[in-house]
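Shown next: input_13.cif, containing mmCIF, C-alpha atoms.
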data_work
#
loop_
_atom_site.label_atom_id
_atom_site.label_comp_id
_atom_site.auth_asym_id
_atom_site.auth_seq_id
_atom_site.Cartn_x
_atom_site.Cartn_y
_atom_site.Cartn_z
CA MET A 23 53.72 41.82 3.66
CA LYS A 24 51.83 39.46 6.01
CA THR A 25 48.58 41.33 5.47
CA ALA A 26 48.09 40.17 1.86
CA PRO A 27 48.05 36.41 2.64
CA ARG A 28 45.58 37.03 5.45
CA LEU A 29 43.30 39.02 3.17
CA LEU A 30 43.53 36.30 0.53
CA ALA A 31 42.63 33.60 3.09
CA ALA A 32 39.72 35.66 4.33
CA ALA A 33 38.47 36.20 0.77
CA LEU A 34 38.69 32.47 0.08
CA ALA A 35 36.77 31.69 3.26
CA VAL A 36 34.05 34.16 2.35
CA ALA A 37 33.83 32.74 -1.18
CA SER A 38 33.63 29.21 0.21
CA GLY A 39 30.84 30.24 2.58
CA LEU A 40 28.93 31.87 -0.25
CA ALA A 41 29.31 28.74 -2.36
CA LEU A 42 27.96 26.58 0.46
CA ALA A 43 25.08 28.97 0.97
CA ALA A 44 24.31 28.85 -2.74
CA ASP A 45 24.18 25.04 -2.61
CA GLU A 46 21.56 25.06 0.16
CA THR A 47 17.99 24.72 -1.03
CA PHE A 48 15.29 26.64 0.78
CA ILE A 49 11.71 25.49 0.36
CA GLY A 50 8.53 26.50 2.09
CA GLY A 51 7.07 29.87 2.80
CA ASN A 52 4.07 28.81 0.73
CA VAL A 53 2.37 25.47 0.37
CA GLU A 54 2.85 25.30 -3.41
CA SER A 55 6.62 24.90 -3.16
CA LEU A 56 6.20 22.13 -0.60
CA LEU A 57 3.77 20.26 -2.83
CA ALA A 58 6.09 20.55 -5.83
CA PHE A 59 9.00 19.22 -3.78
CA ALA A 60 7.00 16.28 -2.42
CA ARG A 61 5.70 15.33 -5.87
CA GLU A 62 9.28 14.95 -7.09
CA ARG A 63 10.95 13.48 -4.01
CA HIS A 64 8.53 11.49 -1.85
CA PRO A 65 9.47 7.79 -2.04
CA GLU A 66 6.01 6.35 -1.31
CA PHE A 67 4.41 8.35 -4.13
CA ALA A 68 7.24 7.28 -6.45
CA ALA A 69 6.61 3.66 -5.44
CA MET A 70 2.90 4.01 -6.23
CA ARG A 71 3.69 5.44 -9.66
CA ALA A 72 6.09 2.54 -10.32
CA GLU A 73 3.38 0.05 -9.34
CA ALA A 74 0.91 1.79 -11.67
CA ASP A 75 3.43 1.54 -14.52
CA ALA A 76 3.95 -2.13 -13.71
CA ALA A 77 0.19 -2.76 -13.79
CA ALA A 78 -0.05 -1.06 -17.19
CA GLU A 79 2.55 -3.49 -18.54
CA ARG A 80 0.30 -6.44 -17.64
CA VAL A 81 -2.41 -5.47 -20.12
CA ALA A 82 -0.74 -6.65 -23.35
CA PRO A 83 0.40 -10.06 -21.98
CA ALA A 84 -3.08 -10.69 -20.55
CA GLY A 85 -4.62 -10.62 -24.03
CA ALA A 86 -1.82 -12.40 -25.85
CA LEU A 87 -1.90 -15.97 -27.13
CA PRO A 88 -0.08 -18.49 -24.95
CA ASP A 89 3.36 -19.52 -26.16
CA PRO A 90 3.41 -22.40 -28.66
CA ASN A 91 4.90 -25.74 -27.64
CA PHE A 92 7.53 -27.72 -29.54
CA ARG A 93 8.17 -31.39 -28.90
CA VAL A 94 10.61 -33.96 -30.33
CA GLU A 95 9.94 -37.69 -30.11
CA LEU A 96 12.68 -40.21 -31.00
CA ARG A 97 11.13 -43.52 -31.96
CA ASP A 98 13.11 -46.76 -31.62
CA PHE A 99 16.18 -44.87 -30.42
CA THR A 100 17.56 -48.22 -29.25
CA ASN A 101 17.59 -49.39 -32.91
CA GLU A 102 16.33 -52.84 -31.94
CA MET A 103 14.35 -53.08 -35.16
CA SER A 104 17.44 -52.44 -37.27
CA GLY A 105 19.83 -54.35 -35.05
CA GLY A 106 21.97 -51.30 -34.30
CA SER A 107 23.12 -49.66 -31.09
CA PRO A 108 21.15 -46.93 -29.22
CA ASN A 109 21.53 -43.40 -30.63
CA LEU A 110 20.07 -39.95 -29.97
CA LEU A 111 20.60 -38.43 -33.40
CA PRO A 112 17.27 -38.08 -35.28
CA SER A 113 18.82 -39.39 -38.51
CA ARG A 114 20.09 -42.56 -36.79
CA VAL A 115 16.95 -43.79 -35.03
CA GLY A 116 13.86 -45.53 -36.32
CA SER A 117 12.04 -42.20 -36.85
CA ALA A 118 11.78 -38.76 -35.32
CA ARG A 119 8.56 -36.83 -34.78
CA TYR A 120 8.57 -33.04 -34.41
CA ALA A 121 5.36 -31.50 -33.06
CA LEU A 122 4.53 -27.77 -32.99
CA THR A 123 1.29 -26.98 -31.14
CA GLN A 124 -0.60 -23.77 -30.32
CA THR A 125 -3.46 -23.34 -27.85
CA LEU A 126 -6.31 -21.10 -29.09
CA PRO A 127 -8.66 -19.86 -26.35
CA TRP A 128 -12.35 -19.72 -27.14
CA ALA A 129 -13.53 -16.58 -28.90
CA GLY A 130 -13.68 -13.58 -26.55
CA LYS A 131 -11.63 -15.02 -23.69
CA ARG A 132 -8.47 -13.12 -24.62
CA GLU A 133 -10.34 -9.85 -24.92
CA LEU A 134 -11.97 -10.36 -21.51
CA ARG A 135 -8.61 -11.10 -19.86
CA ARG A 136 -7.13 -7.99 -21.48
CA ASP A 137 -10.06 -5.82 -20.37
CA ALA A 138 -9.80 -7.14 -16.82
CA ALA A 139 -6.06 -6.36 -16.77
CA ALA A 140 -6.77 -2.88 -18.15
CA ALA A 141 -9.26 -2.29 -15.32
CA GLY A 142 -6.62 -3.40 -12.83
CA ALA A 143 -4.10 -1.00 -14.39
CA ASP A 144 -6.64 1.82 -14.13
CA ALA A 145 -7.23 0.95 -10.47
CA ALA A 146 -3.46 1.08 -9.82
CA LEU A 147 -3.22 4.47 -11.56
CA GLN A 148 -6.10 5.82 -9.50
CA ALA A 149 -4.49 4.40 -6.35
CA ALA A 150 -1.38 6.43 -7.17
CA ARG A 151 -3.60 9.52 -7.55
CA ALA A 152 -5.29 8.76 -4.23
CA SER A 153 -1.88 8.37 -2.58
CA TRP A 154 -0.79 11.76 -3.91
CA LEU A 155 -4.02 13.47 -2.85
CA GLU A 156 -3.70 12.01 0.64
CA LEU A 157 -0.10 13.18 0.87
CA ALA A 158 -0.98 16.64 -0.50
CA THR A 159 -3.82 16.93 2.02
CA GLN A 160 -1.48 16.15 4.90
CA ILE A 161 1.06 18.69 3.65
CA LYS A 162 -1.61 21.39 3.36
CA GLN A 163 -2.98 20.62 6.81
CA VAL A 164 0.40 20.47 8.55
CA TYR A 165 1.37 23.73 6.81
CA ALA A 166 -1.81 25.38 8.09
CA GLN A 167 -1.28 24.02 11.61
CA HIS A 168 2.32 25.24 11.62
CA HIS A 169 1.16 28.67 10.47
CA VAL A 170 -1.41 28.74 13.28
CA HIS A 171 1.26 27.80 15.83
CA LEU A 172 3.65 30.54 14.70
CA TYR A 173 0.94 33.19 14.48
CA THR A 174 -0.36 32.19 17.91
CA LEU A 175 3.16 32.50 19.32
CA ARG A 176 3.36 36.01 17.92
CA LEU A 177 0.04 36.90 19.55
CA MET A 178 1.25 35.40 22.80
CA GLY A 179 4.28 37.67 22.65
CA GLU A 180 1.96 40.66 22.31
CA ASN A 181 -0.18 39.39 25.18
CA LEU A 182 2.92 38.97 27.34
CA ASP A 183 3.73 42.62 26.66
CA LEU A 184 0.20 43.56 27.75
CA LEU A 185 0.54 41.52 30.92
CA GLN A 186 3.91 43.08 31.60
CA ARG A 187 2.34 46.50 31.25
CA LEU A 188 -0.42 45.42 33.61
CA ALA A 189 2.11 44.04 36.12
CA ASP A 190 4.09 47.31 35.97
CA SER A 191 0.92 49.28 36.62
CA ALA A 192 0.02 47.04 39.56
CA GLN A 193 3.56 47.35 40.92
CA THR A 194 3.39 51.15 40.71
CA ARG A 195 0.04 51.28 42.45
CA TYR A 196 1.25 48.85 45.11
CA ALA A 197 4.37 50.96 45.70
CA ASN A 198 2.15 54.00 46.19
CA GLY A 199 -0.15 52.14 48.55
CA LEU A 200 -3.07 52.25 46.12
CA ALA A 201 -3.38 48.51 45.46
CA PRO A 202 -2.72 45.30 47.39
CA GLN A 203 0.29 43.14 46.66
CA GLN A 204 -2.09 40.43 45.51
CA ASP A 205 -2.69 42.39 42.29
CA VAL A 206 1.01 42.21 41.44
CA LEU A 207 1.15 38.49 42.21
CA ARG A 208 -1.93 37.75 40.12
CA ALA A 209 -0.46 39.63 37.16
CA LEU A 210 2.82 37.74 37.44
CA THR A 211 0.98 34.43 37.83
CA GLU A 212 -1.10 35.16 34.73
CA ARG A 213 2.05 35.99 32.82
CA ALA A 214 3.74 32.76 33.95
CA MET A 215 0.71 30.72 32.84
CA LEU A 216 0.83 32.39 29.43
CA GLN A 217 4.54 31.60 29.20
CA GLY A 218 3.65 27.95 29.87
CA ASP A 219 1.16 28.03 26.99
CA GLN A 220 3.83 29.65 24.86
CA ALA A 221 6.26 26.82 25.59
CA MET A 222 3.57 24.30 24.63
CA PHE A 223 2.94 26.01 21.30
CA GLU A 224 6.68 26.20 20.64
CA GLY A 225 6.83 22.44 21.10
CA GLU A 226 3.88 21.92 18.75
CA SER A 227 5.52 24.19 16.19
CA ALA A 228 8.71 22.12 16.33
CA GLN A 229 6.65 18.93 15.92
CA SER A 230 4.91 20.41 12.86
CA SER A 231 8.30 21.10 11.31
CA VAL A 232 9.38 17.50 11.91
CA ARG A 233 6.12 16.16 10.44
CA MET A 234 6.56 18.36 7.39
CA ARG A 235 10.04 16.98 6.77
CA SER A 236 8.65 13.47 6.97
CA LEU A 237 5.86 14.33 4.51
CA LEU A 238 8.45 15.72 2.11
CA GLY A 239 10.22 12.37 2.03
CA ARG A 240 12.93 13.13 4.64
CA PRO A 241 14.95 15.66 2.65
CA PRO A 242 18.71 15.81 3.18
CA ALA A 243 20.33 18.13 5.69
CA SER A 244 21.05 20.75 3.02
CA ILE A 245 17.29 21.31 2.61
CA LYS A 246 16.12 24.22 4.72
CA LEU A 247 12.45 24.75 5.53
CA ARG A 248 11.16 28.28 5.53
CA PRO A 249 8.46 29.11 8.08
CA PRO A 250 4.97 29.32 6.59
CA ASP A 251 4.40 32.91 5.56
CA VAL A 252 0.84 33.05 4.25
CA LEU A 253 -2.19 30.82 4.09
CA ARG A 254 -3.80 29.95 0.79
CA PRO A 255 -6.69 32.21 -0.20
CA LEU A 256 -10.09 30.65 0.25
CA PRO A 257 -12.23 30.12 -2.86
CA PRO A 258 -15.31 32.32 -3.30
CA ALA A 259 -18.57 31.05 -1.89
CA ALA A 260 -19.90 30.31 -5.39
CA LYS A 261 -17.29 27.55 -5.80
CA LEU A 262 -18.37 25.91 -2.57
CA ASP A 263 -21.85 24.95 -3.72
CA PHE A 264 -22.56 21.37 -2.67
CA LEU A 265 -24.14 20.30 -5.97
CA ALA A 266 -21.22 21.67 -8.00
CA LEU A 267 -18.71 19.97 -5.71
CA GLU A 268 -20.70 16.73 -5.85
CA ALA A 269 -20.42 16.72 -9.66
CA ARG A 270 -16.67 17.24 -9.44
CA LEU A 271 -16.42 14.50 -6.83
CA LEU A 272 -18.24 12.05 -9.08
CA ALA A 273 -15.93 12.91 -11.97
CA ASN A 274 -12.55 13.09 -10.21
CA ASN A 275 -12.57 11.29 -6.86
CA PRO A 276 -9.85 8.60 -7.12
CA GLN A 277 -11.46 6.28 -4.57
CA LEU A 278 -14.63 6.24 -6.66
CA ALA A 279 -12.52 5.62 -9.77
CA ILE A 280 -10.80 2.70 -8.03
CA ALA A 281 -14.18 1.25 -7.04
CA ALA A 282 -15.47 1.68 -10.61
CA ALA A 283 -12.38 -0.05 -12.03
CA ARG A 284 -12.92 -2.94 -9.64
CA VAL A 285 -16.54 -3.19 -10.78
CA THR A 286 -15.31 -3.38 -14.38
CA ALA A 287 -12.73 -6.03 -13.50
CA ALA A 288 -15.35 -8.07 -11.64
CA ASP A 289 -17.74 -7.78 -14.57
CA LYS A 290 -15.08 -9.03 -16.99
CA GLY A 291 -14.23 -11.85 -14.60
CA ARG A 292 -17.88 -12.82 -14.48
CA GLU A 293 -18.14 -12.91 -18.26
CA LEU A 294 -14.94 -14.95 -18.44
CA ALA A 295 -16.34 -17.46 -15.94
CA TYR A 296 -19.32 -18.04 -18.23
CA ARG A 297 -17.05 -18.29 -21.28
CA ASN A 298 -15.19 -21.12 -19.55
CA ARG A 299 -18.19 -23.30 -20.36
CA TYR A 300 -16.75 -23.50 -23.85
CA PRO A 301 -13.58 -25.46 -24.64
CA ASP A 302 -10.21 -24.16 -25.71
CA VAL A 303 -8.71 -25.62 -28.88
CA MET A 304 -5.15 -26.73 -29.49
CA VAL A 305 -3.91 -27.18 -33.07
CA GLY A 306 -0.61 -28.62 -34.16
CA ILE A 307 1.44 -29.92 -37.01
CA ALA A 308 4.04 -32.70 -36.80
CA PRO A 309 6.51 -33.76 -39.51
CA ILE A 310 7.95 -37.28 -39.08
CA GLN A 311 11.54 -37.83 -40.09
CA SER A 312 12.70 -41.25 -41.18
CA ARG A 313 16.49 -41.33 -41.33
CA THR A 314 17.41 -38.30 -43.44
CA ARG A 315 14.06 -37.44 -45.02
CA VAL A 316 10.61 -36.30 -43.88
CA ALA A 317 8.44 -39.30 -44.60
CA GLU A 318 5.02 -37.98 -43.52
CA TRP A 319 3.10 -35.12 -41.92
CA GLU A 320 0.51 -35.14 -39.14
CA LEU A 321 -2.14 -32.52 -38.37
CA MET A 322 -3.60 -32.41 -34.86
CA VAL A 323 -6.64 -30.79 -33.27
CA GLU A 324 -7.18 -31.13 -29.53
CA VAL A 325 -10.15 -29.85 -27.48
CA ASN A 326 -10.41 -29.78 -23.70
CA ILE A 327 -13.74 -31.08 -22.41
CA PRO A 328 -15.46 -28.82 -19.83
CA LEU A 329 -16.83 -31.82 -17.98
CA ARG A 330 -16.75 -30.63 -14.36
CA GLN A 331 -19.92 -28.57 -14.51
CA ASP A 332 -20.37 -28.42 -10.73
CA SER A 333 -16.95 -26.78 -10.41
CA ARG A 334 -17.72 -24.31 -13.18
CA ARG A 335 -21.11 -23.41 -11.72
CA ALA A 336 -19.40 -22.66 -8.41
CA GLN A 337 -16.92 -20.41 -10.19
CA GLU A 338 -19.78 -18.64 -11.96
CA ARG A 339 -21.61 -18.07 -8.67
CA GLU A 340 -18.37 -16.79 -7.15
CA SER A 341 -17.93 -14.30 -10.00
CA GLU A 342 -21.53 -13.11 -9.58
CA ARG A 343 -21.00 -12.47 -5.87
CA MET A 344 -17.70 -10.69 -6.55
CA PHE A 345 -19.43 -8.44 -9.10
CA GLU A 346 -22.21 -7.72 -6.62
CA ALA A 347 -19.71 -6.96 -3.85
CA ALA A 348 -17.75 -4.58 -6.10
CA GLY A 349 -20.93 -2.66 -6.93
CA LEU A 350 -21.94 -2.40 -3.28
CA ARG A 351 -18.47 -1.21 -2.30
CA ARG A 352 -18.64 1.50 -4.94
CA GLU A 353 -21.99 2.61 -3.54
CA ALA A 354 -20.58 2.63 0.01
CA THR A 355 -17.55 4.61 -1.15
CA LEU A 356 -19.80 7.17 -2.82
CA ASN A 357 -21.99 7.55 0.26
CA GLN A 358 -18.95 7.96 2.50
CA ALA A 359 -17.37 10.53 0.19
CA LEU A 360 -20.58 12.58 -0.03
CA ALA A 361 -20.97 12.49 3.75
CA GLU A 362 -17.37 13.66 4.23
CA LEU A 363 -17.92 16.40 1.65
CA GLY A 364 -21.01 17.67 3.44
CA GLU A 365 -19.19 17.57 6.78
CA ALA A 366 -16.19 19.44 5.41
CA LEU A 367 -18.39 22.10 3.83
CA ALA A 368 -20.32 22.57 7.08
CA GLY A 369 -17.09 22.84 9.05
CA LEU A 370 -15.67 25.38 6.60
CA GLU A 371 -18.80 27.52 6.78
CA ALA A 372 -18.81 27.34 10.59
CA ALA A 373 -15.15 28.40 10.75
CA ARG A 374 -15.86 31.30 8.39
CA ARG A 375 -18.72 32.51 10.58
CA ILE A 376 -16.61 32.20 13.72
CA GLU A 377 -13.81 34.24 12.17
CA ALA A 378 -16.23 36.93 11.00
CA LEU A 379 -17.95 37.12 14.38
CA GLN A 380 -14.70 37.28 16.32
CA ALA A 381 -13.06 39.80 13.99
CA THR A 382 -15.99 42.19 13.55
CA HIS A 383 -17.67 42.05 16.97
CA LEU A 384 -15.94 40.24 19.81
CA LEU A 385 -12.36 41.40 19.26
CA PRO A 386 -13.17 45.14 18.89
CA GLN A 387 -15.40 44.96 21.97
CA ALA A 388 -12.70 43.09 23.92
CA GLU A 389 -10.10 45.71 22.98
CA LEU A 390 -12.39 48.55 24.08
CA SER A 391 -13.15 46.68 27.30
CA TRP A 392 -9.42 46.19 27.94
CA GLN A 393 -8.54 49.83 27.39
CA SER A 394 -11.43 50.96 29.58
CA ALA A 395 -10.60 48.48 32.34
CA LEU A 396 -6.90 49.36 32.32
CA ALA A 397 -7.62 53.08 32.43
CA GLY A 398 -10.14 52.52 35.21
CA TYR A 399 -7.66 50.40 37.19
CA GLU A 400 -4.93 53.01 36.90
CA THR A 401 -7.33 55.56 38.36
CA GLY A 402 -8.62 53.19 41.03
CA LYS A 403 -12.14 52.89 39.65
CA VAL A 404 -11.94 49.25 38.46
CA GLU A 405 -10.95 46.08 40.29
CA PHE A 406 -7.89 44.18 39.12
CA ALA A 407 -9.96 41.07 38.36
CA MET A 408 -11.88 42.98 35.69
CA VAL A 409 -8.62 44.00 34.02
CA LEU A 410 -7.39 40.41 33.94
CA GLU A 411 -10.70 39.21 32.50
CA ALA A 412 -10.58 41.88 29.79
CA GLN A 413 -7.07 40.79 28.89
CA ARG A 414 -8.21 37.15 28.71
CA GLN A 415 -11.07 38.13 26.39
CA ILE A 416 -8.64 39.77 23.98
CA ARG A 417 -6.41 36.71 24.05
CA ARG A 418 -9.29 34.31 23.46
CA ALA A 419 -10.71 36.40 20.62
CA ARG A 420 -7.39 36.66 18.81
CA GLN A 421 -6.60 32.98 19.22
CA ASP A 422 -10.10 32.01 18.09
CA ILE A 423 -9.61 34.05 14.91
CA VAL A 424 -6.32 32.33 14.17
CA LYS A 425 -7.78 28.91 14.97
CA ALA A 426 -10.80 29.57 12.73
CA ARG A 427 -8.49 30.48 9.83
CA GLY A 428 -6.53 27.30 10.37
CA ASP A 429 -9.75 25.23 10.53
CA GLN A 430 -10.83 26.70 7.21
CA GLN A 431 -7.56 25.57 5.64
CA LEU A 432 -7.97 22.07 7.08
CA ARG A 433 -11.49 21.82 5.70
CA LEU A 434 -10.44 23.21 2.32
CA ALA A 435 -7.68 20.59 2.03
CA GLU A 436 -10.20 17.87 2.85
CA ILE A 437 -12.65 19.14 0.21
CA GLU A 438 -9.89 19.19 -2.41
CA ARG A 439 -8.95 15.61 -1.50
CA LEU A 440 -12.55 14.51 -1.99
CA ILE A 441 -13.10 16.25 -5.34
CA GLY A 442 -9.66 15.15 -6.58
CA GLU A 443 -8.44 18.59 -7.66
CA GLU A 444 -7.61 22.10 -6.48
CA LEU A 445 -10.36 24.64 -5.98
#

Structure rendered as structure tokens:
Amino acid sequence: MKTAPRLLAAALAVASGLALAADETFIGGNVESLLAFARERHPEFAAMRAEADAAAERVAPAGALPDPNFRVELRDFTNEMSGGSPNLLPSRVGSARYALTQTLPWAGKRELRRDAAAAGADAALQAARASWLELATQIKQVYAQHHVHLYTLRLMGENLDLLQRLADSAQTRYANGLAPQQDVLRALTERAMLQGDQAMFEGESAQSSVRMRSLLGRPPASIKLRPPDVLRPLPPAAKLDFLALEARLLANNPQLAIAAARVTAADKGRELAYRNRYPDVMVGIAPIQSRTRVAEWELMVEVNIPLRQDSRRAQERESERMFEAAGLRREATLNQALAELGEALAGLEAARRIEALQATHLLPQAELSWQSALAGYETGKVEFAMVLEAQRQIRRARQDIVKARGDQQLRLAEIERLIGEEL
């Protein structure tokens, strides 16, 4: 009879565990899932989008008319003329004047202010895009680095097995009096050095995981990161033509778009500075109340006099220099982006060639050299130093292949940041 309650408790515990497991969210394994998560959750990117939305809301007020003004004047509120006592009621003073006025900027000023605000809103939107591309680039690069670390650790495990096999062979030969003890010690020393490198890469792998969590916006504890399984496929060589990428950079690079928006804003500011040579107009209407009736009406027109020409000329010169500076900054941004694009393309091509050379020539030769050296050592025809060097060549070739693949991913992420879109 006691068995049933225990079975029920165990079933409930299992069900509870399954429910908790179902609540956990696993992301990673591929870079696309990480990018989707960061786009939704990262607080800095959300803040940039909010700022872009705020900048867009400034456009309509920038081109709107200023608010009208309303004024009330109580004349002879002390009632000295009528011999009465002071009063603040319009019907019980000498007269009351109500004035409603509206300022009308000179033709074109409102449109220029609105266009300048629209350029600022566009710059804020492009800044949000630039923020996302920078974040996406870091996620892609940290993902690639983490993949390189884990793959290198796997290769190190295989190399440790090779060194263990070599140490066993040296131990056997030493036990049979066919090799000096120094061979055994050198094999063990080499293995210990590789274990030290392995510990270093394990630390770097852990750091990559921490950096990735930070780039994802510090997800809660229930978020579990999968290890990176595969790297993104590289685009075909036809898509990596410099002229084609340059055209995409000119069309989509957010930093260039920000610089262009600032040029537009500076241009509108320059035009507005010249429009300030002309006066603004204020019109108004004022009914005058005498006791309980409106006795008369007044119509007003007021014009500000742009008298301080020296001040306005200085503002015009300032706007000219700001427009010139904005254009030069756009040119500098373009030159920098094109230089970075050329550098990234060259680095990608170099990494591709290194991978191809290592995979098709150096690694097969190193493996043949290792097998030959090991067989020769076991038969006493080859010195132990040659075996160790052959093993090092295999290790270097494999790690160079992995590093070259990671470098290609880093360069690809940089190219995509520059052209503003995925390849």

Got a sec to resolve the PyMOL selection byres ((chain A and resi 370) around 9) on this structure and send the residues as an MDAnalysis selection string? chainID A and resid 365:369 371:375 426 429:434

For this structure, which residues satisfy the selection - the PyMOL selection byres ((chain A and resi 413-416) around 8) - when it is evaluated on the file as given? I want them as a ChimeraX atom specification. /A:181,184-185,385,388-389,392,409-412,417-420

Take the PyMOL selection byres ((chain A and resi 135-151) around 8), apply it to the structure above, and return the hits as an NGL selection string. :A and (67 or 70-71 or 73-75 or 77-78 or 80-85 or 131-134 or 152-155 or 276-277 or 279-281 or 283-284 or 286-288 or 290-291 or 294)

For the selection you just gave me, I'd like the residues written to a file as an mmCIF file, in the frame of the given file, keeping C-alpha atoms.
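Contents of result38.cif, as written:
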data_model
loop_
_atom_site.group_PDB
_atom_site.id
_atom_site.type_symbol
_atom_site.label_atom_id
_atom_site.label_comp_id
_atom_site.auth_asym_id
_atom_site.auth_seq_id
_atom_site.Cartn_x
_atom_site.Cartn_y
_atom_site.Cartn_z
ATOM 1 C CA PHE A 67 4.410 8.350 -4.130
ATOM 2 C CA MET A 70 2.900 4.010 -6.230
ATOM 3 C CA ARG A 71 3.690 5.440 -9.660
ATOM 4 C CA GLU A 73 3.380 0.050 -9.340
ATOM 5 C CA ALA A 74 0.910 1.790 -11.670
ATOM 6 C CA ASP A 75 3.430 1.540 -14.520
ATOM 7 C CA ALA A 77 0.190 -2.760 -13.790
ATOM 8 C CA ALA A 78 -0.050 -1.060 -17.190
ATOM 9 C CA ARG A 80 0.300 -6.440 -17.640
ATOM 10 C CA VAL A 81 -2.410 -5.470 -20.120
ATOM 11 C CA ALA A 82 -0.740 -6.650 -23.350
ATOM 12 C CA PRO A 83 0.400 -10.060 -21.980
ATOM 13 C CA ALA A 84 -3.080 -10.690 -20.550
ATOM 14 C CA GLY A 85 -4.620 -10.620 -24.030
ATOM 15 C CA LYS A 131 -11.630 -15.020 -23.690
ATOM 16 C CA ARG A 132 -8.470 -13.120 -24.620
ATOM 17 C CA GLU A 133 -10.340 -9.850 -24.920
ATOM 18 C CA LEU A 134 -11.970 -10.360 -21.510
ATOM 19 C CA ALA A 152 -5.290 8.760 -4.230
ATOM 20 C CA SER A 153 -1.880 8.370 -2.580
ATOM 21 C CA TRP A 154 -0.790 11.760 -3.910
ATOM 22 C CA LEU A 155 -4.020 13.470 -2.850
ATOM 23 C CA PRO A 276 -9.850 8.600 -7.120
ATOM 24 C CA GLN A 277 -11.460 6.280 -4.570
ATOM 25 C CA ALA A 279 -12.520 5.620 -9.770
ATOM 26 C CA ILE A 280 -10.800 2.700 -8.030
ATOM 27 C CA ALA A 281 -14.180 1.250 -7.040
ATOM 28 C CA ALA A 283 -12.380 -0.050 -12.030
ATOM 29 C CA ARG A 284 -12.920 -2.940 -9.640
ATOM 30 C CA THR A 286 -15.310 -3.380 -14.380
ATOM 31 C CA ALA A 287 -12.730 -6.030 -13.500
ATOM 32 C CA ALA A 288 -15.350 -8.070 -11.640
ATOM 33 C CA LYS A 290 -15.080 -9.030 -16.990
ATOM 34 C CA GLY A 291 -14.230 -11.850 -14.600
ATOM 35 C CA LEU A 294 -14.940 -14.950 -18.440
#

Atom CA of Asn52 of chain A to atom CA of Tyr173 of chain A, straight-line distance in Å: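 Pair atom CA of Tyr173 of chain A / atom CA of Asn52 of chain A returns 14.8 Å.
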
Exercise: residues within 10 Å of coordinate (-17.8, -16.9, -17.8), counting all atoms listed in the file, as JSON, numbers by chain: {"A": [131, 134, 289, 290, 291, 292, 293, 294, 295, 296, 297, 298, 299, 300, 334, 335, 337, 338, 339, 341, 342]}

When distances are computed from all atoms listed in the file, which of A:Ala129, A:Met178, A:Leu110, A:Leu247 shows the smallest separation from Ala214 of chain A?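 Checking each candidate against Ala214 of chain A, we get A:Met178 as the closest.
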
Proximity to Arg248 of chain A - best of A:Arg439, A:Leu188, A:Ala347, A:His169, only C-alpha atoms: A:His169

Please compute the atom CA of Tyr196 of chain A-atom CA of Asp183 of chain A distance, one decimal, in Å.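 Here the two named atoms are 19.6 Å from each other.
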
Please identify every residue of segment 104-189 of chain A that has at least one atom no farther than 6 Å from an atom of segment 310-321 of chain A, counting only C-alpha atoms, and for each give the shortest atom pair and the distance in Å to one decimal, arranged by chain then increasing number, as a tab-separated table.
residue	atom	partner	partner_atom	distance
A:Ser113	CA	A:Arg313	CA	4.1
A:Arg114	CA	A:Arg313	CA	5.9
A:Ser117	CA	A:Ser312	CA	4.5
A:Ala118	CA	A:Gln311	CA	4.9
A:Arg119	CA	A:Ile310	CA	4.4

Interatomic distance between atom CA of Ala260 of chain A and atom CA of Ala354 of chain A?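 These atoms are spaced 28.2 Å apart.
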
From (4.1, 30.7, 28.5), in the file's coordinates, out to 12 Å: which residues are reached, counting all atoms listed in the file? Answer as a list in words.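 Nearby residues: Thr174, Leu175, Arg176, Leu177, Met178, Gly179, Glu180, Asn181, Leu182, Leu185, Leu210, Thr211, Glu212, Arg213, Ala214, Met215, Leu216, Gln217, Gly218, Asp219, Gln220, Ala221, Met222, Phe223, Glu224 and Gly225 of chain A.
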
Between A:Leu57, A:Ala395, A:Ile441, A:Thr123, which has the minimum distance to Ala266 of chain A (counting only C-alpha atoms)? A:Ile441

Give me the residues within 10 Å of Arg195 of chain A as a list in words, counting only C-alpha atoms and dropping any in the same chain fewer than 3 places off.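 Once the adjacent positions are removed, what remains is Ala189, Asp190, Ser191, Ala192, Asn198, Gly199, Leu200, Ala201, Pro202, Gln203, Asp205, Val206, Tyr399, Glu400, Thr401 and Gly402 of chain A.
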